[in-house]
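Shown next, in structure tokens, is the structure this report addresses.
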Amino acid sequence: IERTLVIVKPDGYRRGLTGEVLRRIEAKGYTLASLQVMTPDRERLAQHYAEHEGKPFYEPLVDFMSSGPATFVVVEGQRCIEGFRILAGATDPTAALPGTIRGDLGRDWGKKVQENIVHGSDSPESAEREIGIWFA
Ligand code: ATP
């Protein structure tokens with residue numbers, strides 16, 4: 001069975017949207033296999049976001065992601081990687097379609113980083129790598 005790593009990011013946590021995100025995942029029919037609330041440390045964020053190192057939004061991204069608690073969730077279900085990315089919507093919350101998590105609940109706050117409520121793995125390889133980082 002396929003698994004994906006979902007993170008309800010610190011903006012989602014601060015705004016009290018964790019339950020709403022988990023509700024949508026369960027309503028879609030996926031299973032919550034494992035769940036942990038923690039403030040992500042910069043060392044593991046550097047591993048998680050290694051592909052973005054050097055990009056202009058990298059430092060603001062690590063600052064934002066380490067700014068407070070986030071909820072890490074292993075989600076299971078047939079084609080849940082693709083399915084969750086469709087539930088999440090486009091990276092830019094202003095452009096994300098209504099009906100998606102980012103489209104319904106997100107907006108541009110004028111920050112250097114897109115505070116877009118959730119993360120979802122983009123492939124089976126990423127999912128296993130990311131789950132290994134956060135659920136070691
Ligand atoms: P998606 O689910 O759309 O792929 P993602 O979270 O996987 O989103 P990435 O391209 O991996 O997107 O980028 C990681 C995170 O970095 C984004 O979720 C967003 O918070 C931030 N980000 C990405 N691109 C930009 C950008 N051009 N400007 C500001 N922040 C960005």
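Following the order of the structure tokens, chains are lettered A, B, ..., residues in each are numbered from 1, and ligands are numbered from 1.
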
- Task: Please report, as an MDAnalysis selection string, each residue of chain A to which DSSP assigns alpha helix (DSSP H) when run on this structure's backbone.
- Result: chainID A and resid 10:14 18:28 42:48 58:65 80:88 101:105 124:134

- Message: Let me see if you get this right: every residue at most 9 Å from ligand 1, counting only C-alpha atoms and all ligand atoms, written as a PyMOL selection string.
- Response: chain A and resi 9+49+51-52+55-58+60-62+64-65+84-86+88-92+111-122

Generate a file of the selected residues that holds C-alpha atoms, formatted as a PDB file, in the first residue's frame.
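Output file out-v9.pdb is given in full below:
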```pdb
ATOM      1  CA  LYS A   9       3.230  23.393   8.412  1.00  0.00           C
ATOM      2  CA  TYR A  49      14.722  20.433   1.566  1.00  0.00           C
ATOM      3  CA  GLU A  51      16.981  19.957  -3.412  1.00  0.00           C
ATOM      4  CA  HIS A  52      16.209  23.636  -2.727  1.00  0.00           C
ATOM      5  CA  LYS A  55      17.548  28.948  -4.016  1.00  0.00           C
ATOM      6  CA  PRO A  56      16.412  32.433  -2.898  1.00  0.00           C
ATOM      7  CA  PHE A  57      13.548  31.061  -0.809  1.00  0.00           C
ATOM      8  CA  TYR A  58      15.641  28.380   0.922  1.00  0.00           C
ATOM      9  CA  PRO A  60      13.242  31.895   4.553  1.00  0.00           C
ATOM     10  CA  LEU A  61      11.751  28.422   4.096  1.00  0.00           C
ATOM     11  CA  VAL A  62      13.932  26.859   6.807  1.00  0.00           C
ATOM     12  CA  PHE A  64       9.532  29.523   8.584  1.00  0.00           C
ATOM     13  CA  MET A  65       9.447  25.751   8.960  1.00  0.00           C
ATOM     14  CA  PHE A  84      -2.929  14.251  -1.569  1.00  0.00           C
ATOM     15  CA  ARG A  85      -1.136  16.620  -3.953  1.00  0.00           C
ATOM     16  CA  ILE A  86      -4.460  17.187  -5.724  1.00  0.00           C
ATOM     17  CA  ALA A  88      -3.403  20.273  -1.441  1.00  0.00           C
ATOM     18  CA  GLY A  89      -3.598  22.308  -4.656  1.00  0.00           C
ATOM     19  CA  ALA A  90      -0.955  24.459  -6.317  1.00  0.00           C
ATOM     20  CA  THR A  91       2.143  25.588  -4.379  1.00  0.00           C
ATOM     21  CA  ASP A  92       1.111  29.255  -4.574  1.00  0.00           C
ATOM     22  CA  LYS A 111       6.448  36.954   2.885  1.00  0.00           C
ATOM     23  CA  LYS A 112       9.572  35.726   1.090  1.00  0.00           C
ATOM     24  CA  VAL A 113       8.327  32.194   1.477  1.00  0.00           C
ATOM     25  CA  GLN A 114       4.993  30.810   0.404  1.00  0.00           C
ATOM     26  CA  GLU A 115       3.193  29.890   3.612  1.00  0.00           C
ATOM     27  CA  ASN A 116       0.974  27.249   2.071  1.00  0.00           C
ATOM     28  CA  ILE A 117      -0.282  25.192   5.053  1.00  0.00           C
ATOM     29  CA  VAL A 118       0.775  21.720   3.910  1.00  0.00           C
ATOM     30  CA  HIS A 119       3.547  19.643   2.421  1.00  0.00           C
ATOM     31  CA  GLY A 120       3.025  16.369   0.569  1.00  0.00           C
ATOM     32  CA  SER A 121       5.702  14.064  -0.877  1.00  0.00           C
ATOM     33  CA  ASP A 122       5.981  14.182  -4.663  1.00  0.00           C
TER      34      ASP A 122
END
```

Contacts of region 71-73 of chain A at 8 Å (only C-alpha atoms; same-chain gap of 5+ positions) as an mmCIF file with C-alpha atoms, in the first residue's frame:
```
data_model
loop_
_atom_site.group_PDB
_atom_site.id
_atom_site.type_symbol
_atom_site.label_atom_id
_atom_site.label_comp_id
_atom_site.auth_asym_id
_atom_site.auth_seq_id
_atom_site.Cartn_x
_atom_site.Cartn_y
_atom_site.Cartn_z
ATOM 1 C CA LEU A 5 4.469 12.171 4.213
ATOM 2 C CA VAL A 6 2.118 15.054 4.903
ATOM 3 C CA ILE A 7 3.221 17.996 7.036
ATOM 4 C CA VAL A 8 0.747 20.527 8.400
ATOM 5 C CA LYS A 9 3.230 23.393 8.412
ATOM 6 C CA TYR A 13 -0.715 24.830 13.163
ATOM 7 C CA THR A 18 -4.558 20.915 11.630
ATOM 8 C CA LEU A 32 -3.593 8.211 9.224
ATOM 9 C CA ALA A 33 -0.859 5.658 9.952
ATOM 10 C CA SER A 34 1.362 7.750 12.228
ATOM 11 C CA LEU A 35 1.177 11.263 13.625
ATOM 12 C CA GLN A 36 3.564 13.511 15.544
ATOM 13 C CA VAL A 37 3.537 17.194 16.577
ATOM 14 C CA MET A 38 6.968 18.816 16.894
ATOM 15 C CA TRP A 134 11.096 12.441 10.397
#
```

- Message: Let me make sure I understand: among A:Thr39, A:Thr100, A:Thr94, A:Gln47, which one has the smallest atom-to-atom distance to Ala70 (chain A) if we use only C-alpha atoms?
- Response: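 The closest residue to Ala70 (chain A) is A:Thr39.
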
- Query: By how many Å are CA of Arg107 (chain A) and CA of Pro93 (chain A) apart?
  - Reply: 5.1 Å
